[in-house]
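Asks: See run_17.txt below, with compact mmCIF, C-alpha atoms.
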```txt
# COMPACT_ATOMS: atom_id res chain seq x y z
CA MET A 1 24.64 -0.16 5.69
CA SER A 2 21.82 2.28 5.02
CA LEU A 3 19.31 3.07 7.72
CA ASN A 4 15.68 3.78 6.81
CA PHE A 5 13.92 6.84 8.23
CA HIS A 6 10.16 7.30 8.36
CA TRP A 7 8.04 10.23 9.56
CA PHE A 8 4.56 10.48 11.14
CA LEU A 9 1.26 11.90 9.91
CA PRO A 10 -0.66 13.63 12.74
CA THR A 11 -4.16 12.34 11.98
CA ASN A 12 -4.64 12.03 15.76
CA GLY A 13 -6.28 15.40 16.33
CA GLY A 14 -3.96 17.57 14.31
CA ASP A 15 -0.69 19.30 15.10
CA GLY A 16 0.76 22.24 16.98
CA ARG A 17 3.70 23.76 18.84
CA HIS A 18 2.87 21.72 21.92
CA VAL A 19 2.49 18.01 22.65
CA VAL A 20 -0.72 16.75 21.05
CA GLY A 21 -1.60 13.59 22.96
CA GLY A 22 -3.85 10.70 22.08
CA GLY A 23 -3.33 6.99 21.82
CA HIS A 24 -4.30 4.07 24.05
CA GLY A 25 -7.74 5.43 24.71
CA ILE A 26 -6.59 8.95 25.57
CA SER A 27 -8.19 11.98 23.91
CA PRO A 28 -5.70 13.83 21.68
CA GLY A 29 -6.57 17.20 23.22
CA ARG A 30 -6.39 20.56 21.53
CA SER A 31 -4.42 21.36 18.40
CA ARG A 32 -3.97 24.54 16.42
CA ARG A 33 -3.38 22.93 13.04
CA ALA A 34 -6.23 20.77 11.83
CA GLY A 35 -5.27 17.34 10.56
CA ASP A 36 -6.98 17.95 7.25
CA VAL A 37 -5.85 16.96 3.75
CA ALA A 38 -4.25 20.34 3.10
CA TYR A 39 -2.06 20.27 6.21
CA LEU A 40 -1.29 16.55 6.05
CA THR A 41 -0.21 17.07 2.45
CA GLN A 42 2.26 19.70 3.65
CA VAL A 43 3.66 17.22 6.19
CA ALA A 44 3.83 14.41 3.63
CA ARG A 45 5.58 16.60 1.06
CA ALA A 46 8.02 17.85 3.71
CA ALA A 47 8.81 14.25 4.63
CA GLU A 48 9.51 13.17 1.06
CA ASP A 49 11.43 16.38 0.32
CA ASN A 50 13.72 15.67 3.29
CA GLY A 51 14.56 12.08 2.42
CA PHE A 52 12.14 10.09 4.57
CA GLU A 53 11.11 6.75 3.12
CA ALA A 54 7.58 6.48 4.51
CA ALA A 55 5.15 8.01 7.00
CA LEU A 56 3.31 6.16 9.77
CA THR A 57 -0.41 6.84 10.14
CA PRO A 58 -1.94 5.71 13.47
CA THR A 59 -5.09 3.70 14.06
CA GLY A 60 -7.79 3.84 16.72
CA ALA A 61 -10.95 5.59 17.80
CA TRP A 62 -8.94 8.73 18.58
CA CYS A 63 -7.74 9.42 15.02
CA GLU A 64 -8.84 9.46 11.41
CA ASP A 65 -9.05 6.16 9.55
CA ALA A 66 -5.56 5.32 8.29
CA TRP A 67 -6.59 3.57 5.05
CA LEU A 68 -8.77 6.43 3.83
CA SER A 69 -6.38 9.17 4.95
CA THR A 70 -3.36 7.71 3.21
CA ALA A 71 -5.29 6.83 0.06
CA MET A 72 -6.12 10.53 -0.26
CA LEU A 73 -2.57 11.61 0.51
CA SER A 74 -1.12 9.21 -2.04
CA GLN A 75 -2.69 11.48 -4.65
CA THR A 76 -1.26 14.70 -3.24
CA SER A 77 2.32 13.43 -2.79
CA GLU A 78 4.76 11.78 -5.16
CA ARG A 79 7.24 9.31 -3.68
CA LEU A 80 6.47 8.87 0.01
CA LYS A 81 5.31 5.44 1.15
CA PHE A 82 2.60 5.07 3.78
CA LEU A 83 2.97 2.84 6.84
CA VAL A 84 -0.72 2.19 7.43
CA ALA A 85 -1.57 1.05 10.95
CA PHE A 86 -4.59 -1.25 11.15
CA ARG A 87 -6.21 -3.71 13.54
CA PRO A 88 -6.48 -7.22 12.14
CA GLY A 89 -9.49 -8.24 14.20
CA LEU A 90 -11.70 -5.56 12.71
CA VAL A 91 -11.35 -6.48 9.02
CA ALA A 92 -11.73 -9.94 7.47
CA PRO A 93 -8.36 -11.29 6.27
CA PHE A 94 -9.47 -11.65 2.66
CA LEU A 95 -10.78 -8.08 2.56
CA ALA A 96 -7.59 -6.75 4.17
CA ALA A 97 -5.45 -8.64 1.65
CA GLN A 98 -7.60 -7.24 -1.16
CA MET A 99 -7.43 -3.67 0.24
CA ALA A 100 -3.65 -3.90 0.49
CA GLY A 101 -3.44 -5.15 -3.08
CA THR A 102 -5.62 -2.32 -4.34
CA PHE A 103 -3.63 0.29 -2.44
CA GLN A 104 -0.31 -1.12 -3.57
CA ASN A 105 -1.23 -1.49 -7.21
CA LEU A 106 -2.99 1.87 -7.59
CA SER A 107 -0.40 3.87 -5.62
CA GLY A 108 2.62 2.47 -7.43
CA GLY A 109 3.90 0.28 -4.59
CA ARG A 110 3.74 2.84 -1.78
CA LEU A 111 2.15 0.72 0.98
CA LEU A 112 3.67 -0.70 4.16
CA LEU A 113 1.53 -2.21 6.93
CA ASN A 114 1.76 -1.76 10.69
CA VAL A 115 -0.28 -4.48 12.43
CA VAL A 116 -1.75 -3.29 15.75
CA THR A 117 -3.67 -5.84 17.81
CA GLY A 118 -5.11 -3.24 20.23
CA GLY A 119 -4.34 -2.86 23.93
CA GLU A 120 -7.42 -1.12 25.31
CA PRO A 121 -10.42 -3.42 26.00
CA HIS A 122 -12.93 -0.55 26.21
CA GLU A 123 -11.80 0.74 22.82
CA GLN A 124 -11.88 -2.72 21.26
CA ARG A 125 -15.44 -3.17 22.49
CA MET A 126 -16.38 0.04 20.70
CA TYR A 127 -15.47 -1.79 17.51
CA GLY A 128 -17.38 -4.90 18.55
CA ASP A 129 -14.29 -6.89 19.57
CA PHE A 130 -14.69 -8.70 22.91
CA LEU A 131 -11.65 -11.01 22.88
CA ASP A 132 -9.13 -10.83 25.70
CA LYS A 133 -5.49 -9.92 25.05
CA ASP A 134 -4.19 -13.45 24.38
CA GLY A 135 -7.19 -14.11 22.17
CA ARG A 136 -6.45 -10.98 20.13
CA TYR A 137 -2.89 -12.09 19.50
CA ALA A 138 -3.99 -15.63 18.62
CA ARG A 139 -6.47 -14.22 16.12
CA CYS A 140 -3.78 -11.89 14.76
CA GLY A 141 -1.52 -14.86 14.07
CA GLU A 142 -4.31 -16.63 12.16
CA PHE A 143 -5.07 -13.43 10.26
CA LEU A 144 -1.47 -12.95 9.12
CA GLU A 145 -1.18 -16.58 8.07
CA VAL A 146 -4.21 -16.26 5.80
CA VAL A 147 -3.13 -12.89 4.38
CA ARG A 148 0.42 -14.00 3.64
CA ARG A 149 -0.81 -17.13 1.87
CA LEU A 150 -3.20 -15.05 -0.23
CA TRP A 151 -0.37 -12.70 -1.19
CA ALA A 152 1.68 -15.73 -2.18
CA GLY A 153 -1.00 -16.58 -4.73
CA GLU A 154 -2.42 -19.60 -2.90
CA THR A 155 -6.03 -20.67 -2.80
CA VAL A 156 -6.61 -20.77 0.94
CA ASP A 157 -8.79 -23.05 3.01
CA PHE A 158 -8.31 -22.23 6.67
CA ASP A 159 -10.26 -23.21 9.76
CA GLY A 160 -8.78 -21.70 12.90
CA GLU A 161 -9.96 -21.01 16.41
CA HIS A 162 -10.98 -17.44 15.49
CA LEU A 163 -11.00 -17.18 11.68
CA ALA A 164 -12.05 -19.34 8.76
CA VAL A 165 -12.03 -18.96 4.96
CA THR A 166 -12.87 -21.37 2.18
CA GLY A 167 -11.55 -21.28 -1.38
CA ALA A 168 -10.08 -17.80 -0.91
CA SER A 169 -7.83 -16.50 -3.71
CA LEU A 170 -6.80 -13.04 -4.87
CA ASP A 171 -6.97 -11.98 -8.50
CA GLN A 172 -4.83 -8.90 -7.87
CA ILE A 173 -1.68 -9.75 -5.91
CA PRO A 174 0.03 -6.67 -4.43
CA ASP A 175 3.29 -5.88 -6.20
CA PRO A 176 5.48 -5.67 -4.27
CA VAL A 177 4.00 -7.48 -1.29
CA PRO A 178 3.93 -4.86 1.52
CA ALA A 179 6.27 -5.38 4.44
CA ILE A 180 4.62 -6.21 7.77
CA TYR A 181 5.65 -4.05 10.74
CA PHE A 182 4.64 -5.41 14.13
CA GLY A 183 5.21 -4.36 17.73
CA GLY A 184 4.42 -5.77 21.14
CA SER A 185 6.29 -6.53 24.36
CA SER A 186 4.20 -9.36 25.80
CA PRO A 187 5.03 -13.08 25.34
CA ALA A 188 2.00 -13.49 23.07
CA ALA A 189 3.14 -10.58 20.90
CA GLY A 190 6.66 -11.96 20.65
CA ARG A 191 5.47 -15.27 19.24
CA VAL A 192 3.38 -13.60 16.54
CA ALA A 193 6.20 -11.21 15.63
CA ALA A 194 8.76 -14.00 15.38
CA ARG A 195 6.57 -15.92 12.96
CA HIS A 196 5.11 -13.19 10.77
CA ALA A 197 6.82 -9.79 11.09
CA ASP A 198 9.24 -8.40 8.54
CA VAL A 199 10.10 -5.55 10.93
CA TYR A 200 9.71 -5.79 14.70
CA LEU A 201 8.99 -2.39 16.25
CA THR A 202 9.73 -1.13 19.73
CA TRP A 203 9.02 2.19 21.35
CA GLY A 204 12.04 4.25 22.37
CA GLU A 205 13.41 2.65 25.49
CA PRO A 206 17.03 3.08 26.66
CA PRO A 207 19.54 1.12 24.56
CA GLU A 208 20.07 -1.66 27.10
CA ALA A 209 16.34 -2.41 27.17
CA VAL A 210 16.15 -2.29 23.38
CA ALA A 211 19.07 -4.71 23.15
CA GLU A 212 17.23 -7.16 25.39
CA LYS A 213 14.14 -6.96 23.16
CA ILE A 214 16.16 -7.56 20.02
CA ALA A 215 17.83 -10.61 21.55
CA TRP A 216 14.42 -11.91 22.70
CA ILE A 217 12.82 -11.62 19.27
CA ARG A 218 15.86 -13.05 17.49
CA GLY A 219 15.72 -16.07 19.78
CA LEU A 220 12.01 -16.60 19.09
CA ALA A 221 12.59 -16.15 15.34
CA ALA A 222 15.28 -18.84 15.45
CA GLU A 223 12.82 -21.17 17.17
CA GLU A 224 10.42 -20.51 14.28
CA GLY A 225 13.11 -21.61 11.84
CA ARG A 226 13.74 -18.19 10.37
CA ASP A 227 17.21 -17.71 8.95
CA ASP A 228 19.08 -15.39 6.59
CA THR A 229 16.70 -16.23 3.77
CA ARG A 230 13.91 -14.47 5.67
CA PRO A 231 15.57 -12.29 8.30
CA ILE A 232 13.63 -10.18 10.75
CA ARG A 233 14.57 -6.49 10.88
CA PHE A 234 14.15 -4.09 13.78
CA GLY A 235 12.72 -0.60 14.05
CA ILE A 236 12.18 1.99 16.77
CA ARG A 237 9.49 4.66 17.20
CA MET A 238 10.56 7.95 18.81
CA HIS A 239 9.99 11.68 18.72
CA THR A 240 12.76 14.18 17.99
CA ILE A 241 13.82 17.58 19.28
CA THR A 242 16.96 18.38 17.30
CA ARG A 243 18.50 21.84 16.98
CA ASP A 244 21.79 23.47 15.97
CA THR A 245 22.98 23.35 19.59
CA SER A 246 22.25 21.11 22.55
CA THR A 247 21.18 24.12 24.60
CA ALA A 248 18.58 25.12 22.01
CA ALA A 249 17.18 21.58 21.89
CA TRP A 250 16.81 21.25 25.66
CA THR A 251 15.31 24.73 25.83
CA GLU A 252 12.62 23.51 23.43
CA ALA A 253 12.05 20.38 25.54
CA ASP A 254 11.64 22.60 28.61
CA ARG A 255 9.18 24.80 26.70
CA LEU A 256 7.05 21.78 25.74
CA LEU A 257 7.07 20.54 29.33
CA ALA A 258 6.13 23.96 30.71
CA GLN A 259 2.98 23.95 28.57
CA ILE A 260 1.70 20.73 30.16
CA PRO A 261 -0.57 21.40 33.18
CA GLU A 262 0.07 19.17 36.18
CA GLU A 263 -3.60 18.15 36.29
CA SER A 264 -3.36 16.95 32.68
CA ILE A 265 -0.41 14.73 33.55
CA GLN A 266 -2.33 13.13 36.41
CA ARG A 267 -5.47 12.61 34.32
CA VAL A 268 -3.61 11.07 31.38
CA GLN A 269 -1.44 8.86 33.59
CA ASP A 270 -4.53 7.52 35.38
CA GLY A 271 -6.01 6.59 32.02
CA LEU A 272 -2.83 5.01 30.66
CA ARG A 273 -2.41 2.82 33.75
CA ARG A 274 -5.61 1.01 32.73
CA SER A 275 -3.99 -0.12 29.48
CA GLU A 276 -3.38 -3.84 28.90
CA SER A 277 -0.36 -2.99 26.74
CA GLU A 278 2.96 -4.23 28.12
CA GLY A 279 4.73 -1.66 25.95
CA GLN A 280 2.65 1.11 27.52
CA ARG A 281 3.52 -0.18 30.99
CA ARG A 282 7.21 0.03 30.07
CA MET A 283 6.75 3.59 28.81
CA LEU A 284 5.09 4.60 32.10
CA ALA A 285 7.89 3.03 34.10
CA LEU A 286 10.43 5.35 32.49
CA HIS A 287 9.03 8.43 34.25
CA GLY A 288 6.52 7.12 36.82
CA GLY A 289 4.19 10.02 36.12
CA SER A 290 6.73 12.54 37.44
CA SER A 291 8.24 15.43 35.49
CA ASP A 292 11.54 15.00 37.39
CA ASN A 293 14.53 13.12 35.95
CA LEU A 294 13.05 12.71 32.48
CA GLU A 295 16.39 12.12 30.71
CA VAL A 296 16.42 8.32 30.96
CA HIS A 297 19.56 7.93 28.83
CA PRO A 298 21.83 10.59 27.33
CA ASN A 299 19.68 12.55 24.85
CA VAL A 300 16.64 10.29 25.46
CA TRP A 301 13.81 12.25 27.10
CA ALA A 302 10.61 10.69 28.48
CA GLY A 303 8.61 13.91 28.72
CA ILE A 304 6.32 13.21 25.76
CA GLY A 305 4.92 10.15 27.54
CA LEU A 306 3.53 12.29 30.36
CA VAL A 307 0.52 13.21 28.20
CA ARG A 308 0.71 10.92 25.18
CA GLY A 309 -0.09 7.24 24.95
CA GLY A 310 2.16 4.94 22.96
CA ALA A 311 5.58 6.23 21.95
CA GLY A 312 6.61 8.54 24.78
CA THR A 313 10.31 9.28 24.36
CA ALA A 314 12.21 11.79 22.25
CA LEU A 315 15.76 12.14 21.01
CA VAL A 316 16.85 15.57 22.29
CA GLY A 317 20.08 17.35 21.48
CA SER A 318 22.21 18.95 18.84
CA HIS A 319 22.16 17.40 15.39
CA GLU A 320 25.48 15.70 16.14
CA GLU A 321 24.21 14.32 19.46
CA VAL A 322 21.01 12.98 17.92
CA ALA A 323 23.07 11.37 15.17
CA ASP A 324 25.26 9.78 17.86
CA ARG A 325 22.22 8.27 19.60
CA ILE A 326 20.88 6.94 16.29
CA GLU A 327 24.24 5.36 15.63
CA GLU A 328 24.13 3.81 19.12
CA TYR A 329 20.73 2.24 18.43
CA ALA A 330 21.88 1.14 14.97
CA ALA A 331 24.82 -0.69 16.52
CA LEU A 332 22.30 -2.79 18.50
CA GLY A 333 20.53 -3.87 15.30
CA ILE A 334 17.94 -1.11 14.78
CA ASP A 335 17.85 -0.15 11.10
CA GLU A 336 14.43 1.53 10.79
CA PHE A 337 13.55 4.74 12.64
CA ILE A 338 9.97 6.04 12.76
CA LEU A 339 10.22 9.60 13.98
CA SER A 340 8.08 12.67 14.63
CA ALA A 341 8.22 16.12 16.23
CA TYR A 342 6.02 19.00 17.35
CA PRO A 343 5.08 20.49 14.97
CA HIS A 344 5.55 17.74 12.40
CA LEU A 345 5.97 20.10 9.46
CA GLU A 346 8.92 22.07 10.85
CA GLY A 347 10.25 18.96 12.59
CA ALA A 348 10.73 17.18 9.28
CA TYR A 349 13.04 19.99 8.20
CA TRP A 350 14.95 20.18 11.49
CA PHE A 351 15.76 16.47 11.27
CA GLY A 352 16.06 16.21 7.49
CA GLU A 353 18.38 19.19 7.12
CA GLY A 354 20.22 18.79 10.43
CA VAL A 355 20.69 15.09 11.20
CA LEU A 356 20.38 13.14 7.95
CA PRO A 357 23.39 14.85 6.28
CA ILE A 358 25.54 13.87 9.26
CA LEU A 359 24.40 10.26 9.00
CA ALA A 360 25.10 10.33 5.28
CA GLU A 361 28.66 11.54 5.95
CA ARG A 362 29.10 8.63 8.38
CA GLY A 363 27.92 6.15 5.74
CA LEU A 364 24.79 5.24 7.72
CA TRP A 365 22.17 6.70 5.39
CA LYS A 366 21.70 6.93 1.65
CA ASP A 367 19.30 9.53 0.30
CA PRO A 368 16.35 7.72 -1.38
CA ARG A 369 15.32 10.77 -3.38
CA PRO A 370 16.00 10.77 -7.13
CA GLN A 371 19.05 12.78 -8.02
CA ARG A 372 18.23 16.23 -9.28
CA HIS A 373 20.38 17.99 -11.86
CA HIS A 374 20.45 21.71 -11.23
CA ASN A 375 21.11 24.08 -14.10
CA ALA A 376 23.91 26.54 -13.61
CA ALA A 377 22.81 30.05 -12.72
CA VAL A 378 22.27 32.26 -15.76
CA PRO A 379 24.43 35.42 -15.73
CA PHE A 380 22.34 38.55 -15.22
CA ALA A 381 23.36 40.15 -18.52
CA THR A 382 22.51 37.01 -20.48
CA ALA A 383 19.15 36.76 -18.78
CA GLY A 384 18.39 40.36 -19.63
CA ARG A 385 19.24 39.91 -23.31
CA ALA A 386 17.15 36.73 -23.50
CA ALA A 387 14.21 38.47 -21.91
CA SER A 388 14.41 41.38 -24.32
```
Can you turn what I pasted into structure tokens?
Replies:
Amino acid sequence: MSLNFHWFLPTNGGDGRHVVGGGHGISPGRSRRAGDVAYLTQVARAAEDNGFEAALTPTGAWCEDAWLSTAMLSQTSERLKFLVAFRPGLVAPFLAAQMAGTFQNLSGGRLLLNVVTGGEPHEQRMYGDFLDKDGRYARCGEFLEVVRRLWAGETVDFDGEHLAVTGASLDQIPDPVPAIYFGGSSPAAGRVAARHADVYLTWGEPPEAVAEKIAWIRGLAAEEGRDDTRPIRFGIRMHTITRDTSTAAWTEADRLLAQIPEESIQRVQDGLRRSESEGQRRMLALHGGSSDNLEVHPNVWAGIGLVRGGAGTALVGSHEEVADRIEEYAALGIDEFILSAYPHLEGAYWFGEGVLPILAERGLWKDPRPQRHHNAAVPFATAGRAAS
């Protein structure tokens, strides 16, 4: 068993030593580190230097475009893959299949795709999308059917309720075909995930709730006829606050919380309650808009969700404790972890140097980085003679 770990690129307004919000129609707020190519390159290089497999880049009106951002960063990094979030209703399926092929072939196979249907009607309308929630998921299913058939090398004729193509075929098939990551907690989302997703994603709920989701999706996948020849994998999206000691980690969580004004919590929560996302509703239910009792499971803290849409929980504790929680989620069937921290640059080192070695010792993680052969240190006298 080897778990996969991914990081996050803060294209949603930048980064800082405080919670930078954003997501689900919420403004990201202030940041002290601009999310420009120079800083994002530092985060990407830190992620690949610490053994992360890929980095998620978000999508929406509140952040930079994920395709363009990651295309630039693929040229300033070496190994890291990019989990590009995109909305299937805003790009024609043939064009999306072609874009993925171009990215994959020109980057050396460094593309993964996170399909996001969109949960905020007002934001969707900004993009010219006026379908309701069930309509968006129905269109998403049609979209993924066309794209997957194009990647399989078929010539596609398709006439659906929302999408249609005639005689569509790709000259450049992506190699390898990028894995499809897909999340959603509504019945409509579950059906699409069971049919099309390679990896089903959930936000960081307590283990018992995650176990229920996994069982739900596995049951739907079985109804779709999926078996061991095309298994569905499971991933979780969380933040991290990991330190050498538990006390230091919780002190940092308290510091982040102390920087959040009460009026900001109320304003953000009012906005998030308008979301159509079932996953967002479940995130809100973990804390109810209150800063009391935010530890919803040992080492699982819901404080991030007070001012951030989407993923709102963090793993908080010593490196050993965070490794324990990851092992607990892994035992349920989670084998992909998409993580982040504030700031993302230092956070990649805290987790990469603190937690990943523990997981490697437990046989749960294998370092994906190429092995490096270090030369023995040159004795001082020898170096001096060589120099002279």
Asks: Measuring atom to atom with all atoms listed in the file, identify which of A:Gly219, A:Gly303, A:Gly141, A:Gly60 is nearest to Gly119 of chain A.
Replies: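 Answer, going by the shortest atom-to-atom distance: A:Gly60.
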Asks: Please identify all polymer residues within 9 Å of Val307 of chain A, counting all atoms listed in the file, omitting same-chain residues fewer than 5 positions from it, and present them as a list of chain:residue names.
Replies: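 Result of the neighbour search: A:Val19, A:Val20, A:Gly21, A:Gly22, A:Ile26, A:Ile260, A:Ser264, A:Ile265, A:Gln266, A:Arg267, A:Val268, A:Gln269, A:Gly312.
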Asks: Counting only C-alpha atoms, which residue out of A:Gly305, A:Gln172, A:Thr245, A:Arg281 sits closest to Gly354 of chain A?
Replies: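 Nearest to Gly354 of chain A: A:Thr245.
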Asks: I want to know what sits within 10 Å of Pro357 of chain A, based on only C-alpha atoms, with residues of the same chain fewer than 4 positions away left out; could you give that as a list in words?
Replies: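 Everything that qualifies: His319, Ala323, Phe351, Gly352, Glu353, Glu361, Arg362, Gly363, Leu364, Trp365, Lys366 and Asp367 of chain A.
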Asks: Pull the neighbourhood of (23.8, 4.6, 20.3) for me: all residues within 12 Å in file coordinates, counting only C-alpha atoms, as an MDAnalysis selection string.
Replies: chainID A and resid 204:208 210:211 297:300 315 320:335
Asks: So, with all atoms listed in the file as the atoms that count, which of A:Leu345, A:Ile232, A:Ile304, A:Leu356 lies closest to Tyr39 of chain A?
Replies: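 Ranking A:Leu345, A:Ile232, A:Ile304, A:Leu356 by distance to Tyr39 of chain A, first place goes to A:Leu345.
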